[in-house]
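Engineer: This is model.cif, which holds mmCIF, C-alpha atoms and all ligand atoms:
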data_protein
loop_
_atom_site.label_atom_id
_atom_site.label_comp_id
_atom_site.auth_asym_id
_atom_site.auth_seq_id
_atom_site.Cartn_x
_atom_site.Cartn_y
_atom_site.Cartn_z
CA MET A 1 -5.09 -53.54 -39.93
CA LYS A 2 -4.87 -51.21 -42.91
CA ASP A 3 -2.75 -48.07 -43.31
CA LYS A 4 -5.69 -45.78 -44.05
CA TYR A 5 -9.19 -45.47 -42.56
CA ASP A 6 -11.99 -42.95 -42.70
CA MET A 7 -11.98 -42.76 -38.90
CA LEU A 8 -9.45 -43.71 -36.27
CA ILE A 9 -10.73 -44.07 -32.71
CA VAL A 10 -8.22 -43.88 -29.87
CA GLY A 11 -9.48 -45.75 -26.81
CA GLY A 12 -11.74 -48.76 -26.32
CA GLY A 13 -13.90 -47.52 -23.43
CA PRO A 14 -17.63 -46.74 -23.82
CA ALA A 15 -16.96 -43.55 -25.84
CA GLY A 16 -14.61 -45.23 -28.28
CA ALA A 17 -16.65 -48.40 -28.63
CA VAL A 18 -19.91 -46.59 -29.39
CA ALA A 19 -18.08 -44.22 -31.77
CA ALA A 20 -16.59 -47.20 -33.62
CA ARG A 21 -19.95 -48.94 -33.86
CA THR A 22 -21.65 -45.77 -35.14
CA ALA A 23 -18.90 -45.14 -37.69
CA ALA A 24 -19.06 -48.69 -39.01
CA GLU A 25 -22.87 -48.61 -39.16
CA SER A 26 -22.66 -45.46 -41.27
CA GLY A 27 -20.60 -47.40 -43.80
CA HIS A 28 -17.24 -45.83 -43.04
CA SER A 29 -14.01 -47.70 -42.52
CA VAL A 30 -12.89 -47.42 -38.91
CA LEU A 31 -10.09 -48.67 -36.69
CA LEU A 32 -10.34 -48.64 -32.89
CA VAL A 33 -7.03 -48.86 -31.04
CA GLU A 34 -6.84 -49.76 -27.35
CA LYS A 35 -3.55 -49.68 -25.50
CA ARG A 36 -4.52 -52.30 -22.94
CA PRO A 37 -4.19 -55.98 -23.82
CA ALA A 38 -7.86 -56.59 -23.06
CA ILE A 39 -10.96 -54.44 -23.28
CA GLY A 40 -12.65 -53.51 -20.00
CA VAL A 41 -9.91 -54.25 -17.47
CA PRO A 42 -8.93 -53.03 -14.99
CA VAL A 43 -12.30 -51.47 -14.13
CA ARG A 44 -11.80 -47.95 -12.81
CA CYS A 45 -15.47 -47.31 -12.22
CA ALA A 46 -18.21 -47.92 -9.68
CA GLU A 47 -20.29 -49.05 -12.69
CA GLY A 48 -23.58 -47.35 -11.85
CA ILE A 49 -25.86 -46.18 -14.65
CA GLY A 50 -29.50 -45.09 -14.96
CA ARG A 51 -31.93 -47.50 -16.57
CA ASP A 52 -33.44 -45.02 -19.02
CA VAL A 53 -30.18 -43.64 -20.33
CA LEU A 54 -28.66 -47.07 -20.77
CA ALA A 55 -31.66 -48.09 -22.87
CA GLU A 56 -30.73 -45.42 -25.43
CA PHE A 57 -27.75 -47.56 -26.39
CA ILE A 58 -28.23 -51.18 -25.55
CA ASP A 59 -30.84 -53.61 -24.24
CA PRO A 60 -30.08 -54.76 -20.70
CA ASP A 61 -28.50 -58.17 -20.51
CA GLU A 62 -27.97 -60.17 -17.34
CA ARG A 63 -24.50 -61.15 -18.58
CA TRP A 64 -23.21 -57.67 -17.73
CA ILE A 65 -25.59 -56.55 -15.00
CA SER A 66 -24.26 -57.17 -11.49
CA ALA A 67 -27.21 -55.66 -9.64
CA GLU A 68 -30.53 -53.99 -10.26
CA ILE A 69 -30.98 -50.84 -8.20
CA LYS A 70 -34.40 -50.03 -6.77
CA ARG A 71 -33.55 -47.27 -4.36
CA ALA A 72 -30.85 -44.79 -3.46
CA THR A 73 -29.87 -43.88 0.08
CA ILE A 74 -28.09 -40.65 0.94
CA VAL A 75 -26.47 -40.48 4.37
CA ALA A 76 -25.78 -37.05 5.90
CA PRO A 77 -22.73 -36.32 8.08
CA ASP A 78 -24.93 -36.69 11.18
CA ALA A 79 -26.09 -40.12 9.86
CA THR A 80 -29.56 -38.92 8.85
CA SER A 81 -30.61 -41.13 5.92
CA MET A 82 -32.72 -40.06 2.99
CA ILE A 83 -34.08 -43.06 1.11
CA LEU A 84 -35.37 -42.57 -2.40
CA GLU A 85 -37.56 -45.48 -3.42
CA SER A 86 -37.81 -46.41 -7.10
CA ASP A 87 -41.12 -44.61 -7.70
CA LEU A 88 -39.41 -41.42 -6.53
CA ALA A 89 -35.91 -42.02 -7.77
CA GLY A 90 -37.17 -42.27 -11.37
CA SER A 91 -34.29 -42.17 -13.83
CA LYS A 92 -31.80 -42.35 -10.98
CA VAL A 93 -32.46 -46.03 -10.43
CA GLY A 94 -30.83 -48.46 -12.74
CA TYR A 95 -28.02 -50.93 -12.77
CA ILE A 96 -24.62 -51.69 -11.47
CA LEU A 97 -22.85 -53.01 -14.50
CA ASP A 98 -20.07 -55.53 -14.80
CA ARG A 99 -17.91 -53.37 -17.02
CA LYS A 100 -15.43 -56.15 -17.67
CA ILE A 101 -18.17 -57.70 -19.77
CA PHE A 102 -20.14 -54.57 -20.69
CA ASP A 103 -17.20 -52.74 -22.30
CA ARG A 104 -16.31 -55.93 -24.16
CA GLU A 105 -19.88 -56.26 -25.41
CA LEU A 106 -19.80 -52.70 -26.77
CA VAL A 107 -16.56 -53.39 -28.62
CA TRP A 108 -17.96 -56.68 -29.91
CA GLN A 109 -20.90 -54.77 -31.32
CA ALA A 110 -18.51 -52.38 -33.04
CA ALA A 111 -16.60 -55.31 -34.52
CA ASP A 112 -19.85 -56.96 -35.63
CA ALA A 113 -20.79 -53.72 -37.38
CA GLY A 114 -17.52 -53.88 -39.33
CA ALA A 115 -14.99 -51.89 -37.25
CA ASP A 116 -11.39 -53.11 -37.10
CA ILE A 117 -10.18 -53.50 -33.52
CA ALA A 118 -6.56 -53.55 -32.35
CA VAL A 119 -5.76 -54.20 -28.69
CA LYS A 120 -2.32 -53.77 -27.11
CA THR A 121 -2.09 -50.92 -29.60
CA ARG A 122 -1.23 -47.47 -28.35
CA ALA A 123 -1.50 -44.20 -30.24
CA THR A 124 1.85 -42.51 -29.57
CA ALA A 125 1.52 -39.27 -31.55
CA PRO A 126 -0.81 -37.61 -34.00
CA VAL A 127 -0.08 -37.46 -37.71
CA LEU A 128 -0.28 -33.73 -38.44
CA GLN A 129 -0.49 -32.09 -41.84
CA ASP A 130 -0.75 -28.30 -42.17
CA GLY A 131 -1.97 -28.20 -38.56
CA ALA A 132 -4.77 -30.71 -39.18
CA VAL A 133 -4.94 -34.14 -37.57
CA LYS A 134 -4.63 -36.82 -40.23
CA GLY A 135 -4.23 -40.00 -38.20
CA ALA A 136 -1.84 -41.36 -35.60
CA PHE A 137 1.45 -43.09 -35.13
CA ILE A 138 0.80 -46.28 -33.26
CA ASP A 139 2.69 -48.99 -31.46
CA SER A 140 0.90 -52.28 -31.98
CA CYS A 141 2.37 -55.08 -29.87
CA GLY A 142 5.82 -53.53 -30.32
CA GLN A 143 5.42 -52.79 -34.05
CA LYS A 144 5.47 -49.14 -35.01
CA LYS A 145 3.08 -48.01 -37.73
CA LYS A 146 1.49 -44.91 -39.23
CA VAL A 147 -2.28 -44.99 -39.70
CA THR A 148 -3.89 -42.13 -41.59
CA ALA A 149 -7.54 -41.16 -41.18
CA ASP A 150 -9.81 -38.31 -42.22
CA VAL A 151 -10.99 -37.87 -38.63
CA VAL A 152 -9.49 -39.06 -35.35
CA ILE A 153 -11.84 -39.41 -32.38
CA ALA A 154 -9.80 -39.14 -29.20
CA ALA A 155 -11.70 -41.23 -26.65
CA ASP A 156 -8.66 -41.94 -24.53
CA GLY A 157 -10.23 -41.28 -21.17
CA VAL A 158 -9.48 -39.06 -18.19
CA GLU A 159 -5.71 -39.30 -18.68
CA SER A 160 -6.15 -38.30 -22.33
CA LYS A 161 -2.90 -37.33 -23.97
CA PHE A 162 -3.94 -37.32 -27.61
CA ALA A 163 -5.64 -33.91 -27.48
CA ARG A 164 -2.64 -32.44 -25.67
CA TRP A 165 -0.32 -33.76 -28.36
CA CYS A 166 -2.53 -31.88 -30.85
CA GLY A 167 -2.02 -28.62 -28.95
CA ILE A 168 -5.25 -28.56 -26.91
CA ASP A 169 -4.99 -27.58 -23.25
CA THR A 170 -6.60 -30.43 -21.30
CA THR A 171 -5.28 -29.52 -17.86
CA VAL A 172 -7.65 -30.25 -14.98
CA PRO A 173 -7.07 -28.22 -11.79
CA VAL A 174 -5.93 -30.50 -8.93
CA ARG A 175 -8.96 -29.56 -6.86
CA GLU A 176 -11.20 -30.82 -9.68
CA ILE A 177 -9.61 -34.22 -9.97
CA MET A 178 -11.39 -36.60 -7.65
CA SER A 179 -8.81 -38.90 -6.19
CA SER A 180 -10.59 -42.26 -6.03
CA VAL A 181 -10.09 -45.70 -4.58
CA GLN A 182 -12.51 -48.56 -4.79
CA TYR A 183 -12.63 -52.03 -3.32
CA ILE A 184 -14.69 -54.94 -4.49
CA MET A 185 -15.75 -56.46 -1.18
CA THR A 186 -17.51 -59.69 -0.37
CA ASP A 187 -19.02 -61.17 2.74
CA ILE A 188 -20.62 -57.91 3.78
CA ASP A 189 -24.12 -57.03 4.94
CA ILE A 190 -25.71 -54.69 2.42
CA ASP A 191 -29.03 -53.94 0.80
CA PRO A 192 -28.42 -55.62 -2.58
CA HIS A 193 -30.81 -53.23 -4.32
CA SER A 194 -29.73 -49.88 -2.91
CA THR A 195 -26.86 -47.61 -3.75
CA VAL A 196 -25.66 -45.72 -0.68
CA PHE A 197 -23.89 -42.35 -0.73
CA PHE A 198 -22.16 -41.00 2.40
CA LEU A 199 -21.48 -37.27 2.57
CA GLY A 200 -19.46 -35.13 4.93
CA ASN A 201 -16.07 -33.63 5.49
CA GLU A 202 -15.06 -36.35 7.94
CA VAL A 203 -16.11 -39.15 5.59
CA ALA A 204 -15.17 -37.82 2.14
CA PRO A 205 -14.07 -34.18 1.93
CA GLU A 206 -15.46 -32.46 -1.17
CA GLY A 207 -16.63 -35.80 -2.49
CA TYR A 208 -18.55 -38.84 -1.38
CA LEU A 209 -18.14 -42.41 -0.33
CA TRP A 210 -20.28 -45.05 -1.99
CA ILE A 211 -21.54 -48.59 -1.59
CA PHE A 212 -22.74 -49.98 -4.91
CA PRO A 213 -24.03 -53.56 -4.66
CA LYS A 214 -22.46 -56.19 -6.88
CA GLY A 215 -24.49 -59.10 -5.56
CA VAL A 216 -26.24 -60.29 -2.42
CA ARG A 217 -23.21 -59.90 -0.15
CA SER A 218 -20.77 -58.10 -2.44
CA ALA A 219 -20.31 -54.47 -3.33
CA ASN A 220 -18.09 -51.91 -4.90
CA VAL A 221 -17.14 -49.78 -1.89
CA GLY A 222 -15.28 -46.68 -2.93
CA ILE A 223 -14.52 -43.06 -2.37
CA GLY A 224 -13.67 -39.94 -4.32
CA ILE A 225 -12.21 -36.88 -2.60
CA SER A 226 -10.93 -33.64 -4.06
CA GLY A 227 -7.27 -33.92 -5.08
CA LYS A 228 -6.69 -30.75 -3.06
CA LYS A 229 -7.84 -32.52 0.13
CA SER A 230 -5.52 -35.47 -0.37
CA GLY A 231 -2.21 -35.65 1.50
CA GLU A 232 0.00 -37.80 3.68
CA GLY A 233 -2.20 -39.62 6.22
CA HIS A 234 -5.43 -38.34 4.71
CA ARG A 235 -5.49 -39.81 1.23
CA ALA A 236 -8.64 -41.27 -0.29
CA LYS A 237 -7.49 -44.74 0.77
CA ASP A 238 -7.07 -43.61 4.41
CA TYR A 239 -10.69 -42.41 4.51
CA LEU A 240 -11.93 -45.58 2.81
CA ASP A 241 -9.95 -47.87 5.12
CA ARG A 242 -11.35 -46.10 8.18
CA PHE A 243 -14.88 -46.51 6.86
CA VAL A 244 -14.44 -50.15 5.91
CA ALA A 245 -12.84 -51.02 9.26
CA SER A 246 -15.84 -49.67 11.17
CA ARG A 247 -18.63 -50.67 8.78
CA PHE A 248 -17.43 -53.99 7.36
CA PRO A 249 -14.77 -55.27 9.80
CA ASP A 250 -15.19 -58.86 8.60
CA GLY A 251 -15.55 -58.10 4.90
CA LYS A 252 -12.99 -59.32 2.40
CA ILE A 253 -11.40 -57.09 -0.20
CA ILE A 254 -10.86 -58.99 -3.42
CA GLU A 255 -9.94 -56.07 -5.67
CA CYS A 256 -8.44 -52.62 -5.12
CA ILE A 257 -8.32 -50.08 -7.91
CA VAL A 258 -7.26 -46.45 -7.83
CA GLY A 259 -8.26 -43.85 -10.39
CA GLY A 260 -9.08 -40.23 -11.02
CA VAL A 261 -12.31 -38.58 -12.12
CA SER A 262 -12.41 -35.06 -13.54
CA VAL A 263 -15.22 -32.96 -12.09
CA CYS A 264 -14.25 -29.78 -13.92
CA GLN A 265 -16.18 -27.97 -16.62
CA PRO A 266 -15.89 -29.52 -20.09
CA LEU A 267 -13.12 -28.33 -22.41
CA SER A 268 -13.94 -24.97 -23.97
CA CYS A 269 -13.86 -26.55 -27.43
CA THR A 270 -13.97 -30.27 -28.20
CA VAL A 271 -13.08 -30.23 -31.90
CA ALA A 272 -10.12 -29.20 -34.04
CA ASP A 273 -9.18 -29.76 -37.68
CA GLY A 274 -9.60 -33.51 -38.20
CA LEU A 275 -10.11 -34.19 -34.48
CA ILE A 276 -13.04 -34.75 -32.11
CA LEU A 277 -12.75 -35.40 -28.37
CA ALA A 278 -15.33 -37.68 -26.76
CA GLY A 279 -16.11 -38.99 -23.29
CA ASP A 280 -13.74 -38.33 -20.41
CA ALA A 281 -11.17 -36.96 -22.86
CA ALA A 282 -13.59 -34.07 -23.50
CA ARG A 283 -14.17 -33.73 -19.72
CA VAL A 284 -17.88 -34.39 -20.00
CA VAL A 285 -18.23 -36.33 -16.74
CA ASP A 286 -21.14 -35.18 -14.58
CA PRO A 287 -19.30 -32.91 -12.11
CA LEU A 288 -21.77 -33.62 -9.30
CA THR A 289 -21.87 -37.41 -9.40
CA GLY A 290 -18.68 -38.30 -11.27
CA GLY A 291 -20.82 -40.40 -13.60
CA GLY A 292 -19.46 -40.58 -17.12
CA ILE A 293 -20.50 -43.87 -18.75
CA TYR A 294 -23.62 -42.49 -20.39
CA ASN A 295 -21.95 -39.19 -21.32
CA ALA A 296 -19.13 -41.16 -22.94
CA MET A 297 -21.54 -43.26 -25.01
CA TYR A 298 -23.60 -40.20 -25.95
CA THR A 299 -20.63 -38.15 -27.10
CA GLY A 300 -19.03 -41.17 -28.81
CA LYS A 301 -22.14 -41.71 -30.91
CA LEU A 302 -22.55 -38.02 -31.71
CA ALA A 303 -18.85 -37.66 -32.58
CA ALA A 304 -18.95 -40.49 -35.10
CA GLY A 305 -22.24 -39.23 -36.56
CA VAL A 306 -20.87 -35.74 -37.16
CA ALA A 307 -17.54 -37.09 -38.44
CA SER A 308 -19.37 -39.38 -40.81
CA LYS A 309 -21.29 -36.48 -42.39
CA ALA A 310 -18.15 -34.35 -42.62
CA ILE A 311 -16.19 -37.15 -44.30
CA SER A 312 -19.01 -37.75 -46.79
CA LYS A 313 -18.91 -34.05 -47.71
CA GLY A 314 -15.11 -34.12 -48.00
CA ASP A 315 -14.56 -31.41 -45.38
CA THR A 316 -13.19 -32.38 -41.97
CA LYS A 317 -11.97 -28.95 -40.91
CA LYS A 318 -12.87 -27.65 -37.44
CA ALA A 319 -15.86 -25.66 -38.73
CA ALA A 320 -17.35 -28.81 -40.29
CA LEU A 321 -16.95 -30.69 -36.98
CA MET A 322 -18.32 -27.86 -34.80
CA PRO A 323 -21.92 -29.20 -34.91
CA TYR A 324 -20.64 -31.92 -32.55
CA ASP A 325 -19.51 -29.36 -29.97
CA GLN A 326 -22.67 -27.30 -30.35
CA GLU A 327 -25.02 -30.26 -30.20
CA TRP A 328 -23.74 -31.88 -27.04
CA ARG A 329 -23.63 -28.53 -25.21
CA ALA A 330 -27.27 -27.88 -26.19
CA SER A 331 -28.34 -31.42 -25.26
CA ALA A 332 -29.94 -32.48 -21.97
CA MET A 333 -26.54 -33.98 -21.08
CA GLY A 334 -24.74 -30.70 -21.75
CA LYS A 335 -27.26 -28.70 -19.77
CA ALA A 336 -27.09 -31.14 -16.86
CA ILE A 337 -23.29 -30.81 -16.78
CA ALA A 338 -23.52 -27.00 -16.66
CA ARG A 339 -26.17 -27.07 -13.92
CA ASN A 340 -24.51 -29.81 -11.89
CA TYR A 341 -21.15 -28.06 -12.02
CA MET A 342 -22.73 -25.11 -10.29
CA ILE A 343 -24.45 -27.29 -7.70
CA LYS A 344 -21.23 -29.17 -7.05
CA GLU A 345 -19.35 -25.91 -6.50
CA TYR A 346 -22.05 -24.90 -4.03
CA LEU A 347 -22.17 -28.18 -2.14
CA ILE A 348 -18.43 -28.68 -1.69
CA LYS A 349 -18.16 -25.43 0.24
CA LEU A 350 -20.87 -26.34 2.72
CA PRO A 351 -20.01 -27.15 6.31
CA ASP A 352 -21.35 -30.46 7.60
CA GLN A 353 -24.08 -28.72 9.61
CA LYS A 354 -25.56 -27.20 6.48
CA LEU A 355 -25.37 -30.52 4.64
CA ASN A 356 -27.29 -32.07 7.55
CA ASP A 357 -29.94 -29.34 7.28
CA ILE A 358 -30.31 -29.84 3.51
CA ILE A 359 -30.65 -33.62 3.77
CA GLN A 360 -33.06 -33.31 6.66
CA SER A 361 -35.31 -30.92 4.72
CA ALA A 362 -34.90 -32.91 1.50
CA SER A 363 -36.02 -36.10 3.25
CA GLN A 364 -39.27 -34.32 4.16
CA LEU A 365 -39.95 -33.05 0.64
CA ASN A 366 -42.91 -34.25 -1.30
CA LEU A 367 -41.36 -34.67 -4.73
CA LYS A 368 -43.23 -36.31 -7.60
CA GLU A 369 -39.97 -37.54 -9.06
CA PHE A 370 -36.44 -37.26 -7.78
CA SER A 371 -34.06 -35.37 -9.99
CA THR A 372 -31.34 -32.92 -9.13
CA LEU A 373 -33.48 -30.18 -10.67
CA SER A 374 -36.70 -30.99 -8.82
CA LEU A 375 -34.78 -31.33 -5.57
CA ILE A 376 -33.13 -27.92 -5.99
CA LYS A 377 -36.45 -26.29 -6.96
CA GLU A 378 -38.14 -27.65 -3.86
CA LEU A 379 -35.28 -26.67 -1.59
CA ILE A 380 -35.32 -23.14 -3.00
CA SER A 381 -39.06 -22.81 -2.41
CA ARG A 382 -38.46 -23.66 1.25
CA ASN A 383 -35.27 -21.67 1.59
CA PRO A 384 -35.21 -18.68 -0.81
CA LYS A 385 -31.71 -17.75 0.45
CA LEU A 386 -30.44 -20.76 -1.46
CA LEU A 387 -31.45 -19.13 -4.74
CA VAL A 388 -29.46 -16.01 -3.83
CA GLU A 389 -26.42 -18.14 -3.01
CA LEU A 390 -26.69 -20.13 -6.24
CA THR A 391 -27.16 -16.96 -8.33
CA ALA A 392 -24.09 -15.38 -6.75
CA LEU A 393 -22.14 -18.56 -7.43
CA ARG A 394 -23.24 -18.62 -11.07
CA ALA A 395 -22.11 -15.02 -11.51
CA SER A 396 -18.72 -15.83 -9.98
CA LEU A 397 -18.25 -18.77 -12.38
CA ARG A 398 -18.77 -16.70 -15.52
C1 LIG A 401 -13.38 -44.70 -9.24
C2 LIG A 401 -14.34 -44.33 -10.34
C3 LIG A 401 -15.69 -44.58 -10.21
C4 LIG A 401 -16.58 -44.25 -11.25
N1 LIG A 401 -17.89 -44.58 -11.11
C5 LIG A 401 -18.76 -44.32 -12.12
C6 LIG A 401 -20.12 -44.73 -12.04
O1 LIG A 401 -20.56 -45.38 -11.08
N2 LIG A 401 -20.94 -44.43 -13.07
C7 LIG A 401 -20.49 -43.74 -14.17
O2 LIG A 401 -21.32 -43.46 -15.07
N3 LIG A 401 -19.21 -43.37 -14.27
C8 LIG A 401 -18.32 -43.64 -13.29
N4 LIG A 401 -17.02 -43.30 -13.42
C9 LIG A 401 -16.59 -42.60 -14.66
C10 LIG A 401 -16.50 -43.58 -15.82
O3 LIG A 401 -15.68 -44.66 -15.48
C11 LIG A 401 -15.94 -42.85 -17.05
O4 LIG A 401 -16.63 -41.63 -17.22
C12 LIG A 401 -16.06 -43.67 -18.32
O5 LIG A 401 -15.31 -44.85 -18.26
C13 LIG A 401 -15.58 -42.83 -19.51
O6 LIG A 401 -15.53 -43.60 -20.68
P1 LIG A 401 -14.48 -43.22 -21.81
O7 LIG A 401 -14.71 -44.17 -22.93
O8 LIG A 401 -14.52 -41.77 -22.08
O9 LIG A 401 -13.06 -43.48 -21.15
P2 LIG A 401 -12.43 -44.82 -20.56
O10 LIG A 401 -13.46 -45.77 -20.13
O11 LIG A 401 -11.41 -44.39 -19.58
O12 LIG A 401 -11.70 -45.45 -21.82
C14 LIG A 401 -10.54 -44.84 -22.38
C15 LIG A 401 -9.71 -45.94 -22.99
O13 LIG A 401 -8.65 -45.35 -23.76
C16 LIG A 401 -7.51 -46.16 -23.64
N5 LIG A 401 -6.35 -45.34 -24.01
C17 LIG A 401 -5.83 -44.28 -23.34
N6 LIG A 401 -4.79 -43.76 -24.03
C18 LIG A 401 -4.65 -44.50 -25.15
C19 LIG A 401 -3.74 -44.46 -26.26
N7 LIG A 401 -2.78 -43.53 -26.33
N8 LIG A 401 -3.87 -45.37 -27.25
C20 LIG A 401 -4.85 -46.32 -27.17
N9 LIG A 401 -5.72 -46.43 -26.15
C21 LIG A 401 -5.65 -45.52 -25.16
C22 LIG A 401 -7.51 -46.57 -22.17
O14 LIG A 401 -6.73 -47.72 -21.93
C23 LIG A 401 -9.00 -46.82 -21.94
O15 LIG A 401 -9.36 -48.16 -22.16
C24 LIG A 401 -16.10 -43.62 -12.42
C25 LIG A 401 -14.73 -43.36 -12.55
C26 LIG A 401 -13.85 -43.71 -11.55
C27 LIG A 401 -12.38 -43.46 -11.72
#
Would you mind writing the structure in this file as structure tokens?
Ligand SMILES: Cc1cc2nc3c(=O)[nH]c(=O)nc-3n(C[C@H](O)[C@H](O)[C@H](O)COP(=O)(O)OP(=O)(O)OC[C@H]3O[C@@H](n4cnc5c(N)ncnc54)[C@H](O)[C@@H]3O)c2cc1C
Structural biologist:
Amino acid sequence: MKDKYDMLIVGGGPAGAVAARTAAESGHSVLLVEKRPAIGVPVRCAEGIGRDVLAEFIDPDERWISAEIKRATIVAPDATSMILESDLAGSKVGYILDRKIFDRELVWQAADAGADIAVKTRATAPVLQDGAVKGAFIDSCGQKKKVTADVVIAADGVESKFARWCGIDTTVPVREIMSSVQYIMTDIDIDPHSTVFFLGNEVAPEGYLWIFPKGVRSANVGIGISGKKSGEGHRAKDYLDRFVASRFPDGKIIECIVGGVSVCQPLSCTVADGLILAGDAARVVDPLTGGGIYNAMYTGKLAAGVASKAISKGDTKKAALMPYDQEWRASAMGKAIARNYMIKEYLIKLPDQKLNDIIQSASQLNLKEFSTLSLIKELISRNPKLLVELTALRASLR
């Protein structure tokens, strides 16, 4: 490890790993620091990702694919099921990853491209000079060190502290933190090629419960509920335990992980002098699904690309890094986040009866391809009142 790099990446998740790879491929010196002793563990993720979006970054490899998903099943509060087969589910079908191996592979690729990697190495504070970020103080296996860099990419995940240390408000309202628990279960009867989503205020208030296959008789069974709905006797784990006891009474739990997912709007600005925020640290998780692996990789790549150009021009001030913020907001990912935030805000307020009605009418729709947008368009054409409700909601969010 050197004392000075062009780029310093804080965090070895998908955002940090892809940023480090991109930086190294552009010929810049880069150090990635990861506070955990090993990349990829523990896995706080249900590990689902669409096939098409994954292909933008890496060719699928059976070493880190736990299951191939051919259909998605959505279960309404009244148990009505809507099954989306692969020809309909389009980009929504994909893979359940094994992120223990997947995250490691991404970091390996960064190392192969020339990035320096330091595990068990925590960024403890930014190096600040005239208000600009110029690196970080780190603790590497107990040894304290100062590493300077022209640009720091904070990819330190949902609990991100780095941006806060640099004076950026990263607070997520409690109601927009999904309190999550997931079990890896074996010896259970499942469809090994279908993800299943259970909705309803009795099952998962302001969230959903999922079964994501990990093999023929294994799955990631988890839940996310609004932090505001969590309390003594009705925490996420209480809901999940109730579900598991009735659905998989003989199943075995071989892993239990808790975590939080932010389903808020992204930060109002994701750059500062010498600093870019990527992935969960920038709050770019899809607010409707809680999916953030692709968004992390996308923003990680873009962050390093923009930083690389800025470094080459010798100007890493906020204005020179702004193209990052502008580009991801204008991208399909950015637009999907804005749209899905609105839909999420609409859906979480619905009583179970209305959710039942929506899923019943959606299961009768004749869509050419399933996407959140095509689904909403169809539902609006059948129920124009929905458009009025969504428009009013959009106005209230401005
Ligand atoms: C229960 C649950 C289920 C989910 N399911 C899905 C899903 O099915 N599909 C999907 O797409 N997304 C899912 N997500 C979201 C997904 O896991 C994240 O969006 C994704 O991991 C974000 O990647 P990232 O690189 O931004 O952050 P992370 O993967 O969180 O990586 C951040 C890294 O930074 C490190 N770090 C933090 N602070 C420091 C520091 N000071 N110094 C050094 N290192 C530091 C952390 O140890 C961590 O390794 C889920 C999340 C949860 C909690």
Engineer: Taking only C-alpha atoms and all ligand atoms into account, list the residues no farther than 7 Å from ligand LIG 401 (chain A), as a count of residues only.
Structural biologist: 51
Engineer: Between A:Met297, A:Ala204, A:Ala282, A:Ala20, single out the one closest to Ser268 of chain A, counting all atoms listed in the file.
Structural biologist: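 Looking at the shortest contact to Ser268 of chain A, the residue is A:Ala282.
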Engineer: Counting all atoms listed in the file, what is within 10 Å of Glu255 of chain A, bar same-chain residues fewer than 6 positions away, as JSON, numbers by chain?
Structural biologist: {"A": [42, 43, 182, 183, 184, 185, 186, 220]}
Engineer: Which neighbours of segment 335-350 of chain A fall inside 6 Å, counting only C-alpha atoms, when residues of the same chain fewer than 2 positions from it are skipped, and could you give them as a PDB file with C-alpha atoms, in the coordinates of the input?
Structural biologist:
ATOM      1  CA  GLU A 206     -15.460 -32.460  -1.170  1.00  0.00           C
ATOM      2  CA  ASP A 286     -21.140 -35.180 -14.580  1.00  0.00           C
ATOM      3  CA  PRO A 287     -19.300 -32.910 -12.110  1.00  0.00           C
ATOM      4  CA  LEU A 288     -21.770 -33.620  -9.300  1.00  0.00           C
ATOM      5  CA  ALA A 332     -29.940 -32.480 -21.970  1.00  0.00           C
ATOM      6  CA  MET A 333     -26.540 -33.980 -21.080  1.00  0.00           C
TER       7      MET A 333
END
Engineer: Can you write out as CSV which residues of segment 136-251 of chain A fall within 10 Å of segment 302-318 of chain A, alongside each residue's closest atom pair and its distance in Å to one decimal, counting only C-alpha atoms and ordering rows by chain and ascending residue number?
Structural biologist:
residue,atom,partner,partner_atom,distance
A:Asp150,CA,A:Ile311,CA,6.8
A:Val151,CA,A:Ala307,CA,6.6
A:Val152,CA,A:Ala307,CA,8.8
A:Ile153,CA,A:Ala303,CA,7.2
A:Ala154,CA,A:Ala303,CA,9.8
A:Ala155,CA,A:Ala303,CA,10.0
Engineer: A:Arg242, A:Ser230, A:Asp325, A:Ala17: which is nearest Trp108 of chain A, counting all atoms listed in the file?
Structural biologist: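 Using all atoms listed in the file, the shortest distance to Trp108 of chain A belongs to A:Ala17.
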Engineer: So how far away is atom CA of Pro37 of chain A from atom CA of Gly114 of chain A, in Å?
Structural biologist: 20.6 Å
